[in-house]
file target35.cif (mmCIF, C-alpha atoms and all ligand atoms)
data_work
loop_
_atom_site.label_atom_id
_atom_site.label_comp_id
_atom_site.auth_asym_id
_atom_site.auth_seq_id
_atom_site.Cartn_x
_atom_site.Cartn_y
_atom_site.Cartn_z
CA MET A 1 -9.47 22.05 -2.11
CA LYS A 2 -10.01 19.46 0.57
CA PHE A 3 -9.58 15.69 0.32
CA ASN A 4 -13.01 14.50 -0.85
CA THR A 5 -13.35 17.31 -3.38
CA LYS A 6 -9.92 16.50 -4.80
CA ALA A 7 -10.77 12.76 -4.94
CA ILE A 8 -13.75 13.58 -7.17
CA HIS A 9 -12.34 16.45 -9.24
CA SER A 10 -8.53 16.45 -9.45
CA GLY A 11 -7.42 15.52 -12.94
CA GLN A 12 -11.06 14.94 -13.88
CA ALA A 13 -12.35 18.03 -15.68
CA PRO A 14 -15.19 17.28 -18.14
CA GLU A 15 -13.82 15.87 -21.38
CA SER A 16 -13.16 18.62 -23.91
CA ARG A 17 -14.91 17.30 -27.05
CA THR A 18 -18.22 16.02 -25.59
CA GLY A 19 -18.34 17.38 -22.05
CA ALA A 20 -18.48 13.82 -20.65
CA VAL A 21 -18.49 14.32 -16.89
CA VAL A 22 -16.65 11.08 -16.20
CA VAL A 23 -13.16 10.64 -17.64
CA PRO A 24 -13.61 8.23 -20.58
CA VAL A 25 -11.73 4.96 -20.90
CA PHE A 26 -9.38 5.86 -23.74
CA GLN A 27 -9.10 2.26 -24.89
CA THR A 28 -6.62 2.89 -27.66
CA SER A 29 -3.06 1.79 -28.19
CA THR A 30 -2.11 4.60 -30.56
CA TYR A 31 -3.07 8.08 -31.81
CA ALA A 32 -3.28 9.56 -35.31
CA GLN A 33 -0.57 12.07 -36.29
CA GLU A 34 -1.12 14.89 -38.77
CA SER A 35 2.38 14.68 -40.14
CA PRO A 36 5.36 12.63 -38.87
CA GLY A 37 6.09 13.95 -35.39
CA ARG A 38 3.19 16.43 -35.49
CA HIS A 39 0.60 15.12 -33.02
CA THR A 40 -1.77 16.06 -30.22
CA GLY A 41 0.75 15.23 -27.48
CA TYR A 42 -0.39 11.60 -27.57
CA GLU A 43 1.67 9.13 -29.60
CA TYR A 44 1.36 5.66 -28.11
CA SER A 45 -0.47 4.43 -25.01
CA ARG A 46 2.56 3.01 -23.18
CA THR A 47 3.90 6.56 -23.23
CA GLN A 48 0.74 8.67 -22.80
CA ASN A 49 -2.88 7.80 -22.10
CA PRO A 50 -5.50 10.32 -20.94
CA THR A 51 -7.32 7.91 -18.59
CA ARG A 52 -4.05 6.99 -16.89
CA GLU A 53 -3.06 10.65 -16.70
CA ALA A 54 -6.31 11.51 -14.88
CA LEU A 55 -5.58 8.83 -12.28
CA GLU A 56 -1.99 10.01 -11.90
CA ALA A 57 -3.02 13.63 -11.40
CA CYS A 58 -5.72 12.72 -8.89
CA VAL A 59 -3.60 10.49 -6.66
CA ALA A 60 -0.67 12.94 -6.84
CA ASP A 61 -2.99 15.62 -5.48
CA LEU A 62 -4.36 13.37 -2.73
CA GLU A 63 -0.80 12.58 -1.62
CA MET A 64 0.08 16.29 -1.54
CA GLY A 65 2.55 15.58 -4.34
CA LYS A 66 3.07 17.03 -7.79
CA HIS A 67 3.63 14.02 -10.05
CA GLY A 68 1.91 10.63 -10.16
CA VAL A 69 3.17 7.71 -12.22
CA ALA A 70 0.88 4.68 -12.50
CA PHE A 71 1.86 1.04 -12.97
CA ALA A 72 0.28 -2.33 -13.65
CA SER A 73 0.70 -3.50 -10.03
CA GLY A 74 2.19 -2.39 -6.75
CA LEU A 75 5.20 -4.59 -7.44
CA ALA A 76 5.64 -3.05 -10.91
CA ALA A 77 5.71 0.37 -9.20
CA GLU A 78 8.37 -0.88 -6.76
CA ASP A 79 10.35 -2.39 -9.64
CA ALA A 80 10.38 1.02 -11.33
CA LEU A 81 11.80 2.60 -8.16
CA MET A 82 14.51 -0.05 -7.97
CA HIS A 83 15.50 1.00 -11.50
CA LEU A 84 16.53 4.37 -10.07
CA LEU A 85 19.44 2.51 -8.45
CA SER A 86 22.63 1.01 -9.86
CA ALA A 87 24.76 -2.01 -9.01
CA GLY A 88 26.68 -1.33 -5.80
CA ASP A 89 23.94 0.85 -4.28
CA ARG A 90 22.61 0.11 -0.84
CA VAL A 91 19.03 0.29 0.43
CA VAL A 92 17.99 0.32 4.08
CA CYS A 93 14.51 -1.23 4.44
CA SER A 94 11.89 -1.76 7.08
CA ASP A 95 12.25 -5.43 8.03
CA ASP A 96 8.53 -6.21 8.04
CA VAL A 97 7.23 -5.64 4.52
CA TYR A 98 4.81 -7.38 2.15
CA GLY A 99 6.27 -10.80 1.25
CA GLY A 100 6.35 -9.91 -2.45
CA THR A 101 8.42 -6.80 -1.75
CA TYR A 102 10.96 -8.89 0.16
CA ARG A 103 11.02 -11.43 -2.68
CA GLN A 104 11.55 -8.73 -5.35
CA PHE A 105 14.39 -7.08 -3.44
CA GLU A 106 16.17 -10.23 -2.30
CA ARG A 107 15.61 -12.51 -5.29
CA VAL A 108 15.54 -10.13 -8.24
CA PHE A 109 17.52 -6.99 -7.42
CA ARG A 110 20.18 -8.48 -5.14
CA LYS A 111 21.31 -10.47 -8.20
CA HIS A 112 21.78 -7.15 -9.99
CA GLY A 113 24.18 -5.94 -7.31
CA ILE A 114 21.87 -3.93 -5.07
CA ASP A 115 22.39 -4.50 -1.36
CA PHE A 116 19.44 -4.51 1.04
CA GLN A 117 19.81 -4.08 4.76
CA TRP A 118 16.68 -4.96 6.75
CA VAL A 119 16.17 -3.07 10.00
CA ASP A 120 13.40 -2.75 12.53
CA SER A 121 12.53 0.81 11.57
CA SER A 122 10.09 1.21 14.47
CA ASP A 123 13.28 2.21 16.34
CA VAL A 124 14.69 5.17 14.37
CA GLY A 125 18.08 4.55 16.02
CA ASN A 126 18.32 1.35 13.93
CA VAL A 127 17.62 3.37 10.78
CA GLU A 128 20.23 6.02 11.65
CA ARG A 129 22.92 3.44 12.39
CA ALA A 130 22.24 1.55 9.14
CA LEU A 131 22.15 4.75 7.05
CA ALA A 132 25.54 5.81 8.38
CA LYS A 133 27.19 3.04 6.36
CA GLY A 134 26.41 4.84 3.08
CA THR A 135 22.99 4.42 1.55
CA ARG A 136 21.14 5.55 -1.59
CA MET A 137 17.59 4.78 -0.50
CA LEU A 138 15.58 4.33 2.67
CA TRP A 139 12.52 2.12 2.08
CA LEU A 140 9.81 2.31 4.72
CA GLU A 141 6.53 0.54 5.10
CA THR A 142 4.47 2.18 7.84
CA PRO A 143 2.28 0.62 9.16
CA THR A 144 4.05 -2.57 8.16
CA ASN A 145 2.49 -5.65 6.62
CA PRO A 146 1.56 -7.69 8.62
CA MET A 147 2.83 -6.66 12.06
CA LEU A 148 1.53 -3.05 11.89
CA LYS A 149 4.76 -1.53 13.22
CA LEU A 150 5.12 2.21 12.67
CA THR A 151 8.13 4.29 11.72
CA ASP A 152 8.55 7.89 12.82
CA LYS A 153 8.55 9.20 9.26
CA SER A 154 9.84 12.71 10.00
CA ALA A 155 12.82 11.47 11.98
CA ALA A 156 13.66 8.67 9.55
CA ALA A 157 13.36 10.91 6.47
CA ALA A 158 15.52 13.59 8.11
CA ALA A 159 18.19 10.98 8.85
CA ALA A 160 18.07 9.76 5.25
CA ARG A 161 18.31 13.30 3.89
CA SER A 162 21.36 14.01 6.04
CA VAL A 163 23.26 11.22 4.23
CA GLY A 164 21.84 12.08 0.79
CA ALA A 165 19.51 9.06 0.60
CA LEU A 166 16.02 9.16 -0.92
CA THR A 167 13.16 8.14 1.37
CA VAL A 168 10.42 5.98 -0.12
CA VAL A 169 7.27 5.21 1.89
CA ASP A 170 4.91 2.40 0.94
CA ASN A 171 1.64 4.00 2.04
CA THR A 172 -0.62 1.13 0.96
CA PHE A 173 -1.80 0.30 4.49
CA SER A 174 -2.94 3.84 5.35
CA SER A 175 -3.97 5.34 2.03
CA PRO A 176 -3.51 9.09 1.48
CA TYR A 177 -6.61 9.68 3.59
CA PHE A 178 -4.83 8.94 6.85
CA GLN A 179 -1.27 10.04 6.14
CA ASN A 180 0.75 11.90 3.52
CA PRO A 181 4.39 10.90 3.88
CA LEU A 182 5.57 13.64 1.48
CA GLU A 183 4.37 16.19 4.05
CA LEU A 184 6.68 14.60 6.61
CA GLY A 185 9.80 14.69 4.48
CA ALA A 186 9.59 11.56 2.33
CA ASP A 187 10.68 11.96 -1.31
CA ILE A 188 8.52 9.26 -2.86
CA VAL A 189 5.26 7.52 -1.94
CA VAL A 190 4.30 4.20 -3.46
CA HIS A 191 0.97 2.36 -3.32
CA SER A 192 -0.46 -0.93 -4.33
CA SER A 193 -3.61 0.64 -5.76
CA THR A 194 -5.05 -2.88 -5.77
CA LYS A 195 -5.90 -2.11 -2.13
CA TYR A 196 -7.60 0.96 -0.62
CA LEU A 197 -7.22 3.25 -3.66
CA GLY A 198 -9.11 0.84 -5.94
CA GLY A 199 -11.12 -0.32 -2.96
CA HIS A 200 -13.31 -2.98 -4.59
CA SER A 201 -10.98 -5.96 -5.11
CA ASP A 202 -11.56 -5.85 -8.84
CA VAL A 203 -8.27 -4.49 -10.19
CA VAL A 204 -4.50 -4.82 -9.70
CA GLY A 205 -2.44 -1.63 -9.91
CA GLY A 206 0.31 0.49 -8.45
CA ILE A 207 1.23 4.16 -8.31
CA VAL A 208 4.21 6.32 -7.36
CA VAL A 209 3.95 9.96 -6.27
CA CYS A 210 6.69 12.55 -5.77
CA ARG A 211 7.22 16.32 -5.81
CA ASP A 212 10.60 16.77 -7.44
CA ASP A 213 10.43 17.39 -11.22
CA GLU A 214 13.72 15.73 -12.04
CA LEU A 215 12.92 12.64 -9.95
CA ALA A 216 9.49 12.40 -11.63
CA GLN A 217 11.15 12.56 -15.02
CA ARG A 218 13.44 9.66 -14.10
CA ILE A 219 10.50 7.55 -12.87
CA ARG A 220 8.44 8.39 -15.94
CA PHE A 221 11.38 7.41 -18.13
CA VAL A 222 11.38 3.97 -16.46
CA GLN A 223 7.59 3.71 -16.84
CA ASN A 224 7.98 4.14 -20.59
CA ALA A 225 11.30 2.34 -21.05
CA VAL A 226 10.43 -0.75 -18.98
CA GLY A 227 6.73 -0.56 -19.76
CA GLY A 228 4.88 -1.83 -16.68
CA VAL A 229 1.87 0.42 -17.34
CA PRO A 230 -1.76 -0.23 -16.37
CA GLY A 231 -4.28 -0.59 -19.17
CA PRO A 232 -6.79 2.27 -19.59
CA TRP A 233 -9.65 0.21 -18.20
CA ASP A 234 -7.69 -0.68 -15.05
CA ALA A 235 -6.64 2.95 -14.60
CA TRP A 236 -10.31 3.93 -14.89
CA LEU A 237 -11.38 1.38 -12.26
CA VAL A 238 -8.84 2.74 -9.78
CA LEU A 239 -9.91 6.31 -10.55
CA ARG A 240 -13.53 5.37 -9.94
CA GLY A 241 -12.55 3.73 -6.64
CA VAL A 242 -10.61 6.78 -5.52
CA LYS A 243 -13.73 8.99 -5.69
CA THR A 244 -15.11 7.28 -2.56
CA LEU A 245 -11.79 6.78 -0.77
CA GLY A 246 -12.60 9.26 2.02
CA VAL A 247 -15.99 7.82 2.94
CA ARG A 248 -14.70 4.27 2.70
CA MET A 249 -11.66 4.93 4.89
CA GLN A 250 -13.76 6.52 7.60
CA ARG A 251 -15.99 3.48 7.70
CA HIS A 252 -13.03 1.03 7.57
CA PHE A 253 -11.59 2.86 10.57
CA GLU A 254 -14.84 2.85 12.59
CA ASN A 255 -15.48 -0.83 11.89
CA ALA A 256 -11.87 -1.86 12.56
CA LEU A 257 -11.78 -0.06 15.88
CA GLN A 258 -14.88 -1.92 17.03
CA VAL A 259 -13.57 -5.25 15.74
CA ALA A 260 -10.17 -4.66 17.40
CA ARG A 261 -11.83 -3.88 20.76
CA PHE A 262 -14.06 -6.95 20.46
CA LEU A 263 -11.09 -9.20 19.68
CA GLU A 264 -9.00 -7.71 22.47
CA ALA A 265 -11.66 -8.72 24.99
CA HIS A 266 -12.10 -12.23 23.56
CA PRO A 267 -10.64 -15.15 25.53
CA LYS A 268 -9.63 -17.07 22.36
CA VAL A 269 -7.44 -14.18 21.24
CA GLU A 270 -4.00 -13.88 22.78
CA ARG A 271 -3.05 -10.46 21.45
CA VAL A 272 -4.46 -7.87 19.07
CA ILE A 273 -2.23 -5.50 17.10
CA PHE A 274 -3.99 -2.33 15.96
CA PRO A 275 -2.25 1.05 16.26
CA TRP A 276 -5.41 2.80 17.44
CA LEU A 277 -5.71 0.58 20.53
CA GLU A 278 -4.09 2.03 23.64
CA SER A 279 -2.30 -1.33 23.99
CA HIS A 280 -0.31 -0.79 20.78
CA PRO A 281 3.28 0.06 21.77
CA GLN A 282 3.32 2.94 19.26
CA HIS A 283 -0.18 4.27 19.91
CA ALA A 284 1.14 7.78 20.65
CA LEU A 285 3.13 7.87 17.40
CA ALA A 286 0.06 6.64 15.50
CA ARG A 287 -1.95 9.54 16.87
CA ALA A 288 0.84 12.00 16.16
CA GLN A 289 1.53 11.10 12.53
CA MET A 290 -1.75 9.57 11.27
CA LYS A 291 -5.28 10.92 11.17
CA GLY A 292 -6.71 7.44 11.69
CA MET A 293 -6.16 3.82 10.82
CA SER A 294 -7.34 1.65 7.96
CA GLY A 295 -9.13 -1.66 8.40
CA MET A 296 -5.98 -3.70 9.00
CA ILE A 297 -5.80 -5.71 12.22
CA THR A 298 -3.39 -8.49 13.14
CA MET A 299 -3.92 -10.92 16.00
CA TYR A 300 -2.44 -13.97 17.67
CA LEU A 301 -5.00 -16.67 18.46
CA ALA A 302 -4.70 -18.42 21.82
CA SER A 303 -4.27 -21.71 19.96
CA ASP A 304 -2.05 -23.51 17.44
CA LEU A 305 -1.92 -23.95 13.65
CA GLU A 306 -4.83 -26.39 13.69
CA GLY A 307 -6.94 -23.98 15.73
CA ALA A 308 -6.07 -21.16 13.31
CA ARG A 309 -7.04 -23.38 10.37
CA ARG A 310 -10.40 -24.28 11.92
CA PHE A 311 -11.10 -20.60 12.62
CA LEU A 312 -10.20 -19.53 9.07
CA GLU A 313 -12.33 -22.29 7.56
CA LYS A 314 -15.28 -21.29 9.72
CA VAL A 315 -15.71 -17.59 8.90
CA ARG A 316 -18.62 -16.78 6.58
CA VAL A 317 -18.84 -12.99 6.17
CA PHE A 318 -15.05 -12.60 6.16
CA THR A 319 -13.53 -14.31 3.11
CA LEU A 320 -10.32 -16.28 3.45
CA ALA A 321 -8.19 -14.64 0.77
CA GLU A 322 -4.97 -12.72 0.15
CA SER A 323 -5.10 -8.96 -0.43
CA LEU A 324 -6.81 -6.22 1.55
CA GLY A 325 -8.40 -2.82 1.34
CA GLY A 326 -11.61 -3.71 -0.47
CA VAL A 327 -15.14 -3.01 0.72
CA GLU A 328 -15.54 -6.67 1.71
CA SER A 329 -13.83 -8.09 4.79
CA LEU A 330 -10.96 -10.47 4.13
CA ILE A 331 -8.95 -12.63 6.49
CA GLU A 332 -5.75 -14.56 5.93
CA HIS A 333 -2.86 -16.51 7.42
CA PRO A 334 0.37 -14.57 6.67
CA ALA A 335 2.78 -17.45 7.35
CA ILE A 336 1.11 -19.71 4.76
CA MET A 337 -0.29 -17.06 2.42
CA THR A 338 1.00 -13.48 1.93
CA HIS A 339 4.37 -13.93 3.62
CA ALA A 340 5.22 -17.47 2.50
CA SER A 341 8.01 -16.01 0.33
CA LEU A 342 9.95 -14.97 3.46
CA PRO A 343 12.43 -17.59 4.71
CA ALA A 344 11.04 -19.38 7.80
CA GLU A 345 13.74 -17.91 10.06
CA VAL A 346 12.92 -14.36 8.90
CA ARG A 347 9.22 -14.97 9.57
CA ALA A 348 10.04 -16.32 13.01
CA SER A 349 12.22 -13.32 13.88
CA LEU A 350 9.41 -10.95 12.86
CA GLY A 351 6.77 -12.80 14.88
CA ILE A 352 4.87 -14.18 11.86
CA ALA A 353 3.84 -17.30 13.74
CA ASP A 354 1.37 -20.11 12.95
CA THR A 355 -1.24 -18.51 15.19
CA LEU A 356 -0.97 -15.09 13.51
CA VAL A 357 -4.04 -14.01 11.54
CA ARG A 358 -4.48 -10.79 9.54
CA LEU A 359 -7.85 -9.14 9.00
CA SER A 360 -8.82 -6.54 6.44
CA VAL A 361 -12.01 -5.16 7.94
CA GLY A 362 -14.43 -4.05 5.26
CA ILE A 363 -17.35 -1.65 5.34
CA GLU A 364 -20.17 -4.11 6.01
CA ASP A 365 -22.46 -3.66 9.04
CA VAL A 366 -20.12 -4.18 11.93
CA SER A 367 -22.60 -6.27 13.94
CA ASP A 368 -22.44 -8.93 11.19
CA LEU A 369 -18.65 -8.88 11.31
CA LEU A 370 -18.61 -9.30 15.09
CA SER A 371 -21.10 -12.21 15.03
CA ASP A 372 -19.10 -13.90 12.28
CA LEU A 373 -15.85 -13.64 14.23
CA ASP A 374 -17.55 -14.72 17.45
CA ALA A 375 -19.00 -17.84 15.80
CA ALA A 376 -15.69 -18.73 14.17
CA LEU A 377 -13.69 -18.17 17.37
CA ALA A 378 -15.93 -20.71 19.10
CA VAL A 379 -14.19 -23.49 17.12
CA VAL A 380 -10.68 -22.40 18.11
O1 LIG B 401 -0.12 -6.91 -5.28
P1 LIG B 401 0.48 -5.64 -5.84
O2 LIG B 401 -0.52 -4.69 -6.37
O3 LIG B 401 1.61 -5.91 -6.79
O4 LIG B 401 1.11 -4.84 -4.60
C1 LIG B 401 2.17 -5.31 -3.84
C2 LIG B 401 2.12 -4.75 -2.44
C3 LIG B 401 2.94 -3.67 -2.13
N1 LIG B 401 2.95 -3.11 -0.91
C4 LIG B 401 2.13 -3.58 0.07
C5 LIG B 401 2.18 -2.95 1.42
C6 LIG B 401 1.27 -4.64 -0.18
O5 LIG B 401 0.47 -5.06 0.80
C7 LIG B 401 1.27 -5.25 -1.47
C8 LIG B 401 0.39 -6.41 -1.79
N2 LIG B 401 -0.11 -7.09 -0.66
C9 LIG B 401 -0.93 -8.19 -0.67
C10 LIG B 401 -1.35 -8.78 -1.80
C11 LIG B 401 -1.30 -8.69 0.66
O6 LIG B 401 -2.26 -9.49 0.77
O7 LIG B 401 -0.65 -8.29 1.63
#
call {"tool": "encode", "arguments": {"input": "target35.cif", "output": "structure tokens"}}
result
Amino acid sequence: MKFNTKAIHSGQAPESRTGAVVVPVFQTSTYAQESPGRHTGYEYSRTQNPTREALEACVADLEMGKHGVAFASGLAAEDALMHLLSAGDRVVCSDDVYGGTYRQFERVFRKHGIDFQWVDSSDVGNVERALAKGTRMLWLETPTNPMLKLTDKSAAAAAARSVGALTVVDNTFSSPYFQNPLELGADIVVHSSTKYLGGHSDVVGGIVVCRDDELAQRIRFVQNAVGGVPGPWDAWLVLRGVKTLGVRMQRHFENALQVARFLEAHPKVERVIFPWLESHPQHALARAQMKGMSGMITMYLASDLEGARRFLEKVRVFTLAESLGGVESLIEHPAIMTHASLPAEVRASLGIADTLVRLSVGIEDVSDLLSDLDAALAVV
């Protein structure tokens, strides 16, 4: 089956008792047993829940994987993956990641003896050199948040495999519609399903997908043993969002391309970063390893912090807010908002400056988005 058919049908056969076409919200914490230990396969909702299972099966299929394991947030999913490691293990990571990922790794797991080495993974040579020092896991975000740097996934995953390290790709910024890292050699894909998978800014969630049975069993063990599961209602909301992922992503891409071209030609904008623009330094790689780009655009204003503030206060159709990937357009200031948890010197080295603004282009009528940006740029 193809993508849109899988999004609507995978894991979502009509319910067996009533024929309900939509997977019900199994809002129950526990399940009746006939005799101690004799049950339907469902014992307790932290361990098994049919609504969550439908979501897991669907996203696993969309990612060309075999197993999906859902969590209460993207960070809960990442936390579960960190639990695959032990004190003394080393992780090589893309240097430009979501601020909360950096905070979890540096301020929670470093204390537990895990070592993180941050590298600019847009140059695979950096990844290879760092891996050579002995590594258990390679953690990639591609495109990165917020600088939209890409990593050559095939080359990086091959390098990791050659030293026996697992490759994890945070695919939140692309969604499975535009790239499937497992197809290019990654072992594990992780998403904040709060973003494009859910797609409507009404739920927080996370999900992990892999192919290997033994690895899936280890992740599922952590899901149950640590317990960061999504509630049935939240799992249902993400599953409902996923049904329209394909049509939404196409529209995000079309709108974002027009917005990126408009911004690139605007005198108040110093530089636009969008992998589908010919000006992006990794445009060729984008075309080679992705089928398209989501609605994420980053730009430097030709101004200062005050100018950026005036611009962000002025937008009306775009909403000034953290997060991304919903149907509505959002805009934010990474240095003050999503990436405030990075030390100032790390932000500076990555280029997360006071004039940097990140846009999550939604699926509204693009003419309204362009007029909104034009009017707001006038005050810069
Ligand atoms: O917010 P949560 O569902 O826990 O997901 C964390 C996360 C993981 N990975 C990436 C690439 C992300 O962008 C995020 C969350 N990001 C934002 C809230 C943001 O505005 O960038």
call {"tool": "atom_distance", "arguments": {"input": "target35.cif", "atom1": "atom CA of A:Lys268", "atom2": "atom CA of A:Ala340"}}
result
24.8 Å
call {"tool": "closest_atom_pairs", "arguments": {"input": "target35.cif", "of": "stretch 313-369 of chain A", "to": "stretch 119-124 of chain A", "cutoff": "12 Å", "atoms": "only C-alpha atoms", "output": "Markdown table"}}
result
| residue | atom | partner | partner_atom | distance |
| --- | --- | --- | --- | --- |
| A:Val346 | CA | A:Val119 | CA | 11.8 |
| A:Ser349 | CA | A:Asp120 | CA | 10.7 |
| A:Leu350 | CA | A:Asp120 | CA | 9.1 |
call {"tool": "write_last_selection", "arguments": {"input": "target35.cif", "atoms": "C-alpha atoms", "output": "mmCIF file, in the frame of the given file"}}
result
data_model
loop_
_atom_site.group_PDB
_atom_site.id
_atom_site.type_symbol
_atom_site.label_atom_id
_atom_site.label_comp_id
_atom_site.auth_asym_id
_atom_site.auth_seq_id
_atom_site.Cartn_x
_atom_site.Cartn_y
_atom_site.Cartn_z
ATOM 1 C CA VAL A 346 12.920 -14.360 8.900
ATOM 2 C CA SER A 349 12.220 -13.320 13.880
ATOM 3 C CA LEU A 350 9.410 -10.950 12.860
#
call {"tool": "residues_near_ligand", "arguments": {"input": "target35.cif", "ligand": "ligand LIG 401 (chain B)", "cutoff": "9 Å", "atoms": "all atoms listed in the file", "output": "number ranges by chain"}}
result
A: 72-78, 97-101, 141-146, 170-173, 190-195, 203-206, 321-324, 332, 334, 337-339
call {"tool": "residues_around", "arguments": {"input": "target35.cif", "residues": "A:Pro176", "least_positions_apart": "5", "cutoff": "9 Å", "atoms": "only C-alpha atoms", "output": "ChimeraX atom specification"}}
result
/A:59,62-64,171,181,197,245
call {"tool": "atom_distance", "arguments": {"input": "target35.cif", "atom1": "atom CA of A:Val272", "atom2": "atom CA of A:Glu254"}}
result
16.3 Å
call {"tool": "residues_around", "arguments": {"input": "target35.cif", "residues": "A:Glu128", "least_positions_apart": "2", "cutoff": "12 Å", "atoms": "only C-alpha atoms", "output": "list in words"}}
result
Val92, Cys93, Val119, Asp120, Ser121, Ser122, Asp123, Val124, Gly125, Asn126, Ala130, Leu131, Ala132, Lys133, Gly134, Thr135, Leu138, Asp152, Ala155, Ala156, Ala157, Ala158, Ala159, Ala160, Arg161, Ser162, Val163 and Ala165 of chain A
call {"tool": "closest_residue", "arguments": {"input": "target35.cif", "among": "A:Arg248, A:Arg310, A:Arg136, A:His283", "to": "A:Leu81", "atoms": "all atoms listed in the file"}}
result
A:Arg136
call {"tool": "closest_residue", "arguments": {"input": "target35.cif", "among": "A:Ala216, A:Val168, A:Ile352, A:Ala376", "to": "A:Ile331", "atoms": "only C-alpha atoms"}}
result
A:Ala376
call {"tool": "closest_residue", "arguments": {"input": "target35.cif", "among": "A:Gly68, A:Gly351, A:Pro36, A:Pro50", "to": "A:Ser16", "atoms": "only C-alpha atoms"}}
result
A:Pro50
call {"tool": "residues_around", "arguments": {"input": "target35.cif", "residues": "A:Gly292", "least_positions_apart": "2", "cutoff": "9 Å", "atoms": "all atoms listed in the file", "output": "PyMOL selection string"}}
result
chain A and resi 174+177-179+249-250+253+276+286-287+290+294
call {"tool": "closest_residue", "arguments": {"input": "target35.cif", "among": "A:Ala32, A:Leu148, A:Ala235, A:Cys58", "to": "A:Asp95", "atoms": "all atoms listed in the file"}}
result
A:Leu148
call {"tool": "closest_residue", "arguments": {"input": "target35.cif", "among": "A:Val238, A:Ile297, A:Val269, A:Ile207", "to": "A:Leu257", "atoms": "all atoms listed in the file"}}
result
A:Ile297
call {"tool": "axis_aligned_box", "arguments": {"input": "target35.cif", "around": "stretch 91-102 of chain A", "padding_each_side": "6 Å", "output": "lines of an AutoDock Vina configuration file"}}
result
center_x = 11.9
center_y = -5.2
center_z = 2.8
size_x = 26.2
size_y = 23.1
size_z = 22.5
call {"tool": "residues_around", "arguments": {"input": "target35.cif", "residues": "A:Asp79", "least_positions_apart": "6", "cutoff": "10 Å", "atoms": "all atoms listed in the file", "output": "PyMOL selection string"}}
result
chain A and resi 71+73+101+104-105+108-109+222-223+226+228
call {"tool": "closest_residue", "arguments": {"input": "target35.cif", "among": "A:Arg251, A:Arg347, A:His112, A:Arg261", "to": "A:Gly295", "atoms": "all atoms listed in the file"}}
result
A:Arg251
call {"tool": "atom_distance", "arguments": {"input": "target35.cif", "atom1": "atom CA of A:Gln258", "atom2": "atom CA of A:Ala284"}}
result
19.1 Å
call {"tool": "residues_around", "arguments": {"input": "target35.cif", "residues": "stretch 211-214 of chain A", "least_positions_apart": "6", "cutoff": "7 Å", "atoms": "all atoms listed in the file", "output": "VMD selection string"}}
result
chain A and resid 65 to 67
call {"tool": "residues_near_point", "arguments": {"input": "target35.cif", "point": "(-3.6, 3.5, -27.4)", "cutoff": "12 Å", "atoms": "all atoms listed in the file", "output": "list of chain:residue names"}}
result
A:Val25, A:Phe26, A:Gln27, A:Thr28, A:Ser29, A:Thr30, A:Tyr31, A:Ala32, A:Tyr42, A:Glu43, A:Tyr44, A:Ser45, A:Arg46, A:Thr47, A:Gln48, A:Asn49, A:Pro50, A:Thr51, A:Arg52, A:Val229, A:Pro230, A:Gly231, A:Pro232, A:Trp233
